[in-house]
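Student: Structure below; questions to follow.
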Amino acid sequence: MKNRASLTFTLLLVIGDALAVLAAYVVAYIVRVKVSDIPTYQTVPASEFLLLMLLLLPFIIILFSLIGTYRAAPQGKLAIFGRIFFGASGAMLFMIMIHYFMVRPLFPSKLVPIYGFLFSILFLSFERSALYLMRYFRRRRLIGLIDVVLVGDNKFALGLAELIRSDNSYKIQAIVGSSKSATHKTFAGATRNFPPDLIIQVATHDTPDVDRQLLDFAEKNYIEFKFVPREISEISERLELELFMGGVPMMSVQPTPLLGWGRVAKRLFDVVVSGVALVILSPILLVVAIINRLRFGGVLFRQQRLTRGNQTFELLKFQTACNDLTNMTPEEAFMKIGQPELIKKYRDNGDFLPDDPRYNKLSRFLRKTSIDELPQFFNVLRGDISLVGPRALIPEELADYKGKHAILNVKSGITGFAQISGRRDLSWEQRRKLDIYYVQNWSFGLDIQILFKTAWQVLTGRGAK
């Protein structure tokens, strides 16, 4: 699928909903306080009301997501309006509850939330209609269509191709098979110029099972893969049964649950937490930067690491090694100081040595307290990595690893499942398996658990050393 296009549309919906709700309650405030001649029972300054509304907006958007507002667009105008109505109702009830428990009132009058509810329905309906109309016209101009490669050319596959062509969201890039109706004889020929957004394999007499080569191609290129079985029976953990385009049973291979609204929510959480953390920790960052400058001659350690989609980025950490060892891999550093025998010991011990010769007492303190990791909050804010995710490794470490593409289906993280699972007691291979488990079993609740456990390990001195 065009995950980026769908993610962009979801993000536009989130922003549009936030602006629509904000505008609705601002207009409600103006109508009741500024336009009406009836006195209000409380005085709430406009600036204070606007600030409180801005603070409540993220929680309202989370509420919208919980009722399914940002799932795949429902079929039919009635279903769309139903979600708008329940979203506006939930937002009004949530703010009334906040108003009840606040020391200072949120609303200057009881009519403001009622007006806000009515204006919310109006503004959300207009905003949603505009966005859906914009997407419709983009697709009419063949912009943002999902390119499909259909593998299989039996009667069922050709009927499916016609069904796909009738939908204005999809475009057939190629049909792979041996019949006259096929456009390409081989999958390699169909994808030679550019990869598709979606691969659909229809089981045939010659290929009744999932083609491993197609699945590997989809995973390595971060493409969604769907399979139409001859007989739907057992479904593995990674296969999800769905009715494609309303009536065709398929098994959809999702490399990770972190899709759509989940990615938006995770990114918003990353931005808020990393931004707050940088403000709170700024005195520590400044002091360590000055000490590093005086002690090592440099402040930051920069290194190319891998993140989602096999993309590289420049990881930031406080420098803890001497300048002549900075920007070296552990293998290169141990070779340079003449102690190559430490390489195996370092890797077997979970990338840790109690008396690592590359570091002095200050370096060990920074690493033991994880202070050296703090600049990575800038990487999170910039969007290179997430707060939680697989460990960000250098390209050479994953170059020959078979599960590389499974790990890189999500952004790397400052901390992760492997880091909190007894890192120094696990081999490199075991840690990568935990990374893959995280990718394939992601949930927002799991992220929160990992963050709390990471904080506990750092506070108790059991973090990275």
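We label chains A, B, ... in the order they appear in the structure tokens, count residues from 1 in each chain, and number ligands from 1 in the order shown.
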Please list as an NGL selection string every residue within 6 Å of region 410-419 of chain A, counting only C-alpha atoms and excluding residues in the same chain fewer than 3 positions away.
Tutor: :A and (307-308 or 385-392 or 423 or 431 or 434)
Student: Those selected residues, please, written with C-alpha atoms and delivered as an mmCIF file, in the first residue's frame.
Tutor:
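Contents of the output file part_14.cif:
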```
data_model
loop_
_atom_site.group_PDB
_atom_site.id
_atom_site.type_symbol
_atom_site.label_atom_id
_atom_site.label_comp_id
_atom_site.auth_asym_id
_atom_site.auth_seq_id
_atom_site.Cartn_x
_atom_site.Cartn_y
_atom_site.Cartn_z
ATOM 1 C CA THR A 307 16.297 3.203 10.874
ATOM 2 C CA ARG A 308 12.963 2.423 9.164
ATOM 3 C CA ILE A 385 14.179 7.579 15.454
ATOM 4 C CA SER A 386 11.451 6.988 18.034
ATOM 5 C CA LEU A 387 11.548 6.875 21.814
ATOM 6 C CA VAL A 388 10.931 3.116 21.631
ATOM 7 C CA GLY A 389 12.010 0.791 18.855
ATOM 8 C CA PRO A 390 14.661 -1.691 17.756
ATOM 9 C CA ARG A 391 18.235 -0.718 18.588
ATOM 10 C CA ALA A 392 19.745 1.657 16.012
ATOM 11 C CA ARG A 423 20.805 -6.999 27.386
ATOM 12 C CA ARG A 431 18.643 -9.316 20.919
ATOM 13 C CA LEU A 434 13.570 -9.493 20.463
#
```
Student: If you count only C-alpha atoms, which residues fall within 7 Å of region 354-361 of chain A, apart from same-chain ones fewer than 3 positions away, as a list of chain:residue names?
Tutor: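 Once the adjacent positions are removed, what remains is A:Thr320, A:Ala321, A:Arg364, A:Phe365.
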Student: Hey, what's within 8 Å of Leu393 (chain A) if we count only C-alpha atoms and toss same-chain stuff fewer than 4 positions away? As a ChimeraX atom specification, please?
Tutor: /A:305-306,397-398
Student: Between A:Thr183, A:Asn221, A:Ser120, A:Ser36, which is the closest to Asn310 (chain A) once you count only C-alpha atoms?
Tutor: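 Of the candidates, the smallest distance to Asn310 (chain A) is held by A:Asn221.
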Student: Got a sec: who's within 10 Å of region 275-292 of chain A, counting only C-alpha atoms, leaving out chain neighbours fewer than 2 positions off, as a list in words?
Tutor: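 The filter keeps Phe269, Asp270, Val271, Val272, Val273, Leu294, Arg295, Phe296, Gly297, Gly298, Val299, Leu300, Phe318, Gln319, Thr320, Ala321, Leu362, Ser363, Leu366, Ile371, Asp372, Leu374, Pro375, Gln376, Phe377, Phe378, Val380 and Leu381 of chain A.
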Student: Find the residue from A:Ile420, A:Val31, A:Leu12, A:Ala130 that sits nearest to Ala455 (chain A); use only C-alpha atoms when measuring.
Tutor: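 Nearest to Ala455 (chain A): A:Ile420.
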Student: Could you give me the residues within region 269-386 of chain A that DSSP places in helix (DSSP H, G or I), as a ChimeraX atom specification?
Tutor: /A:269-296,308-310,323-325,330-336,342-348,361-368,371-373,376-382
Student: Might you pull out every residue within 10 Å of Phe444 (chain A), with only C-alpha atoms counted and same-chain residues fewer than 6 positions away left off, and present them as a PyMOL selection string?
Tutor: chain A and resi 258+262-263+265-266+269+388
Student: Kindly save the residues from that selection, with all heavy atoms included, as a short mmCIF file (atom, residue, chain, number, x, y, z; two decimals), in the first residue's frame.
Tutor:
```
data_model
loop_
_atom_site.label_atom_id
_atom_site.label_comp_id
_atom_site.auth_asym_id
_atom_site.auth_seq_id
_atom_site.Cartn_x
_atom_site.Cartn_y
_atom_site.Cartn_z
N LEU A 258 2.15 -1.46 13.44
CA LEU A 258 2.39 -0.02 13.53
C LEU A 258 2.11 0.63 12.18
O LEU A 258 3.02 0.95 11.41
CB LEU A 258 3.83 0.26 13.98
CG LEU A 258 4.21 1.72 14.24
CD1 LEU A 258 3.25 2.38 15.21
CD2 LEU A 258 5.64 1.83 14.75
N GLY A 262 -1.81 4.41 14.25
CA GLY A 262 -0.79 4.04 15.23
C GLY A 262 0.50 4.81 15.01
O GLY A 262 1.13 5.28 15.97
N ARG A 263 0.90 4.96 13.77
CA ARG A 263 2.12 5.72 13.46
C ARG A 263 1.95 7.19 13.79
O ARG A 263 2.88 7.84 14.29
CB ARG A 263 2.49 5.54 11.98
CG ARG A 263 3.24 4.26 11.69
CD ARG A 263 3.56 4.11 10.23
NE ARG A 263 4.39 5.20 9.73
CZ ARG A 263 4.77 5.31 8.46
NH1 ARG A 263 4.38 4.41 7.57
NH2 ARG A 263 5.52 6.32 8.08
N ALA A 265 -0.11 8.50 16.09
CA ALA A 265 -0.12 8.64 17.54
C ALA A 265 1.27 8.48 18.13
O ALA A 265 1.67 9.24 19.03
CB ALA A 265 -1.07 7.60 18.16
N LYS A 266 2.02 7.53 17.63
CA LYS A 266 3.38 7.31 18.13
C LYS A 266 4.26 8.51 17.84
O LYS A 266 5.06 8.94 18.67
CB LYS A 266 3.97 6.05 17.49
CG LYS A 266 5.34 5.62 18.03
CD LYS A 266 5.75 4.31 17.41
CE LYS A 266 7.16 3.91 17.78
NZ LYS A 266 7.28 3.51 19.21
N PHE A 269 3.32 11.40 20.15
CA PHE A 269 3.84 11.10 21.49
C PHE A 269 5.35 11.37 21.54
O PHE A 269 5.86 11.95 22.50
CB PHE A 269 3.54 9.64 21.82
CG PHE A 269 3.97 9.23 23.20
CD1 PHE A 269 3.24 9.60 24.32
CD2 PHE A 269 5.11 8.46 23.38
CE1 PHE A 269 3.63 9.22 25.59
CE2 PHE A 269 5.51 8.07 24.64
CZ PHE A 269 4.77 8.44 25.75
N VAL A 388 10.86 4.57 21.47
CA VAL A 388 10.93 3.12 21.63
C VAL A 388 11.00 2.46 20.26
O VAL A 388 10.26 2.84 19.35
CB VAL A 388 9.71 2.58 22.40
CG1 VAL A 388 9.82 1.08 22.59
CG2 VAL A 388 9.57 3.27 23.74
#
```
Student: Excluding Pro255 (chain A) and any residue of its chain fewer than 5 positions from it, enumerate the residues within 9 Å of it, using only C-alpha atoms, and give them as a ChimeraX atom specification.
Tutor: /A:219,222,224,238,406,409,439-440
Student: Kindly indicate which residue among A:Leu163, A:Leu259, A:Ile84, A:Ile67 lies nearest to Trp442 (chain A), using only C-alpha atoms for the distances.
Tutor: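 So, comparing all the options, the nearest one is A:Leu259.
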Student: Just list the residues in region 129-181 of chain A DSSP gives strand (DSSP E) on the backbone, as an MDAnalysis selection string.
Tutor: chainID A and resid 146:151 170:176
Student: Generate the output file for the selected residues, N, CA, C and O atoms, as a PDB file, in the first residue's frame.
Tutor:
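After the write, part39.pdb holds the following:
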```
ATOM      1  N   ILE A 146      -3.054   3.480  -5.815  1.00  0.00           N
ATOM      2  CA  ILE A 146      -2.272   2.355  -5.313  1.00  0.00           C
ATOM      3  C   ILE A 146      -1.970   1.425  -6.483  1.00  0.00           C
ATOM      4  O   ILE A 146      -2.878   0.826  -7.072  1.00  0.00           O
ATOM      5  N   ASP A 147      -0.691   1.320  -6.840  1.00  0.00           N
ATOM      6  CA  ASP A 147      -0.267   0.461  -7.948  1.00  0.00           C
ATOM      7  C   ASP A 147      -0.262  -0.996  -7.487  1.00  0.00           C
ATOM      8  O   ASP A 147       0.380  -1.338  -6.494  1.00  0.00           O
ATOM      9  N   VAL A 148      -0.970  -1.852  -8.237  1.00  0.00           N
ATOM     10  CA  VAL A 148      -1.138  -3.257  -7.856  1.00  0.00           C
ATOM     11  C   VAL A 148      -0.496  -4.160  -8.903  1.00  0.00           C
ATOM     12  O   VAL A 148      -0.718  -3.987 -10.102  1.00  0.00           O
ATOM     13  N   VAL A 149       0.303  -5.114  -8.442  1.00  0.00           N
ATOM     14  CA  VAL A 149       0.779  -6.205  -9.292  1.00  0.00           C
ATOM     15  C   VAL A 149       0.015  -7.454  -8.875  1.00  0.00           C
ATOM     16  O   VAL A 149       0.097  -7.882  -7.721  1.00  0.00           O
ATOM     17  N   LEU A 150      -0.739  -8.024  -9.803  1.00  0.00           N
ATOM     18  CA  LEU A 150      -1.557  -9.202  -9.547  1.00  0.00           C
ATOM     19  C   LEU A 150      -0.833 -10.420 -10.113  1.00  0.00           C
ATOM     20  O   LEU A 150      -0.580 -10.497 -11.317  1.00  0.00           O
ATOM     21  N   VAL A 151      -0.459 -11.350  -9.246  1.00  0.00           N
ATOM     22  CA  VAL A 151       0.269 -12.555  -9.665  1.00  0.00           C
ATOM     23  C   VAL A 151      -0.719 -13.712  -9.714  1.00  0.00           C
ATOM     24  O   VAL A 151      -1.265 -14.124  -8.686  1.00  0.00           O
ATOM     25  N   TYR A 170      -7.345   2.275  -6.905  1.00  0.00           N
ATOM     26  CA  TYR A 170      -6.308   1.342  -7.324  1.00  0.00           C
ATOM     27  C   TYR A 170      -6.023   1.462  -8.824  1.00  0.00           C
ATOM     28  O   TYR A 170      -6.852   1.917  -9.608  1.00  0.00           O
ATOM     29  N   LYS A 171      -4.840   0.989  -9.187  1.00  0.00           N
ATOM     30  CA  LYS A 171      -4.444   0.932 -10.593  1.00  0.00           C
ATOM     31  C   LYS A 171      -3.651  -0.354 -10.811  1.00  0.00           C
ATOM     32  O   LYS A 171      -2.712  -0.641 -10.068  1.00  0.00           O
ATOM     33  N   ILE A 172      -4.041  -1.124 -11.821  1.00  0.00           N
ATOM     34  CA  ILE A 172      -3.324  -2.361 -12.133  1.00  0.00           C
ATOM     35  C   ILE A 172      -2.008  -2.019 -12.827  1.00  0.00           C
ATOM     36  O   ILE A 172      -2.005  -1.483 -13.936  1.00  0.00           O
ATOM     37  N   GLN A 173      -0.902  -2.321 -12.176  1.00  0.00           N
ATOM     38  CA  GLN A 173       0.409  -2.102 -12.786  1.00  0.00           C
ATOM     39  C   GLN A 173       0.772  -3.256 -13.716  1.00  0.00           C
ATOM     40  O   GLN A 173       1.360  -3.046 -14.779  1.00  0.00           O
ATOM     41  N   ALA A 174       0.415  -4.465 -13.294  1.00  0.00           N
ATOM     42  CA  ALA A 174       0.726  -5.631 -14.118  1.00  0.00           C
ATOM     43  C   ALA A 174      -0.071  -6.826 -13.644  1.00  0.00           C
ATOM     44  O   ALA A 174      -0.447  -6.923 -12.475  1.00  0.00           O
ATOM     45  N   ILE A 175      -0.345  -7.754 -14.586  1.00  0.00           N
ATOM     46  CA  ILE A 175      -0.897  -9.065 -14.274  1.00  0.00           C
ATOM     47  C   ILE A 175       0.131 -10.087 -14.732  1.00  0.00           C
ATOM     48  O   ILE A 175       0.503 -10.130 -15.916  1.00  0.00           O
ATOM     49  N   VAL A 176       0.609 -10.902 -13.811  1.00  0.00           N
ATOM     50  CA  VAL A 176       1.673 -11.863 -14.107  1.00  0.00           C
ATOM     51  C   VAL A 176       1.069 -13.242 -14.316  1.00  0.00           C
ATOM     52  O   VAL A 176       0.314 -13.743 -13.464  1.00  0.00           O
TER      53      VAL A 176
END
```
Student: Please provide as a ChimeraX atom specification all residues within 8 Å of Trp261 (chain A), with the sequence filter that same-chain residues fewer than 6 positions apart are discarded (counting only C-alpha atoms).
Tutor: /A:7,10,65,70-71
Student: For Asp435 (chain A), which of A:Pro340, A:Met134, A:Thr256, A:Arg267 is the closest residue, counting only C-alpha atoms?
Tutor: A:Thr256
Student: Taking only residues of region 46-95 of chain A that have an atom at most 9 Å from an atom of region 108-116 of chain A, what is each one's shortest atom pair and its distance in Å to one decimal, using only C-alpha atoms, in chain and number order, as a Markdown table?
Tutor:
```
| residue | atom | partner | partner_atom | distance |
| --- | --- | --- | --- | --- |
| A:Phe49 | CA | A:Pro108 | CA | 8.9 |
| A:Ala88 | CA | A:Gly116 | CA | 8.7 |
| A:Met92 | CA | A:Pro113 | CA | 6.1 |
| A:Leu93 | CA | A:Pro113 | CA | 8.6 |
| A:Met95 | CA | A:Pro113 | CA | 7.9 |
```
Student: Restricting the output to all heavy atoms, write the selected residues as a PDB file, in the first residue's frame.
Tutor:
```
ATOM      1  N   PHE A  49      -9.328  31.002  27.903  1.00  0.00           N
ATOM      2  CA  PHE A  49     -10.177  29.986  27.279  1.00  0.00           C
ATOM      3  C   PHE A  49      -9.451  29.341  26.098  1.00  0.00           C
ATOM      4  O   PHE A  49      -9.460  28.112  25.947  1.00  0.00           O
ATOM      5  CB  PHE A  49     -11.480  30.624  26.804  1.00  0.00           C
ATOM      6  CG  PHE A  49     -12.402  29.680  26.097  1.00  0.00           C
ATOM      7  CD1 PHE A  49     -13.190  28.790  26.821  1.00  0.00           C
ATOM      8  CD2 PHE A  49     -12.495  29.676  24.718  1.00  0.00           C
ATOM      9  CE1 PHE A  49     -14.044  27.903  26.175  1.00  0.00           C
ATOM     10  CE2 PHE A  49     -13.338  28.796  24.063  1.00  0.00           C
ATOM     11  CZ  PHE A  49     -14.126  27.913  24.791  1.00  0.00           C
ATOM     12  N   ALA A  88     -18.049  14.479  18.174  1.00  0.00           N
ATOM     13  CA  ALA A  88     -18.429  15.782  18.731  1.00  0.00           C
ATOM     14  C   ALA A  88     -19.086  15.619  20.099  1.00  0.00           C
ATOM     15  O   ALA A  88     -18.839  16.407  21.017  1.00  0.00           O
ATOM     16  CB  ALA A  88     -19.363  16.502  17.764  1.00  0.00           C
ATOM     17  N   MET A  92     -17.572  17.067  23.695  1.00  0.00           N
ATOM     18  CA  MET A  92     -18.361  17.935  24.574  1.00  0.00           C
ATOM     19  C   MET A  92     -18.438  17.361  25.991  1.00  0.00           C
ATOM     20  O   MET A  92     -18.201  18.076  26.975  1.00  0.00           O
ATOM     21  CB  MET A  92     -19.776  18.096  24.017  1.00  0.00           C
ATOM     22  CG  MET A  92     -20.677  18.969  24.899  1.00  0.00           C
ATOM     23  SD  MET A  92     -22.394  19.035  24.334  1.00  0.00           S
ATOM     24  CE  MET A  92     -22.905  17.327  24.607  1.00  0.00           C
ATOM     25  N   LEU A  93     -18.728  16.069  26.106  1.00  0.00           N
ATOM     26  CA  LEU A  93     -18.837  15.447  27.423  1.00  0.00           C
ATOM     27  C   LEU A  93     -17.495  15.461  28.153  1.00  0.00           C
ATOM     28  O   LEU A  93     -17.443  15.663  29.375  1.00  0.00           O
ATOM     29  CB  LEU A  93     -19.345  14.009  27.279  1.00  0.00           C
ATOM     30  CG  LEU A  93     -20.780  13.864  26.767  1.00  0.00           C
ATOM     31  CD1 LEU A  93     -21.124  12.401  26.537  1.00  0.00           C
ATOM     32  CD2 LEU A  93     -21.768  14.500  27.745  1.00  0.00           C
ATOM     33  N   MET A  95     -15.084  17.709  27.843  1.00  0.00           N
ATOM     34  CA  MET A  95     -14.791  19.058  28.320  1.00  0.00           C
ATOM     35  C   MET A  95     -15.723  19.476  29.460  1.00  0.00           C
ATOM     36  O   MET A  95     -15.310  20.214  30.359  1.00  0.00           O
ATOM     37  CB  MET A  95     -14.869  20.043  27.150  1.00  0.00           C
ATOM     38  CG  MET A  95     -13.652  19.942  26.235  1.00  0.00           C
ATOM     39  SD  MET A  95     -13.577  21.210  24.976  1.00  0.00           S
ATOM     40  CE  MET A  95     -14.782  20.588  23.837  1.00  0.00           C
TER      41      MET A  95
END
```
Student: I'd like the interatomic distance between CA of Ala399 (chain A) and CA of Thr329 (chain A), to a tenth of an Å.
Tutor: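 Atom-to-atom, CA of Ala399 (chain A) and CA of Thr329 (chain A) are spaced 14.6 Å apart.
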Student: Expressed in Å to a single decimal, how great is the separation between CA of Phe123 (chain A) and CA of Phe85 (chain A)?
Tutor: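 A separation of 11.4 Å between them.
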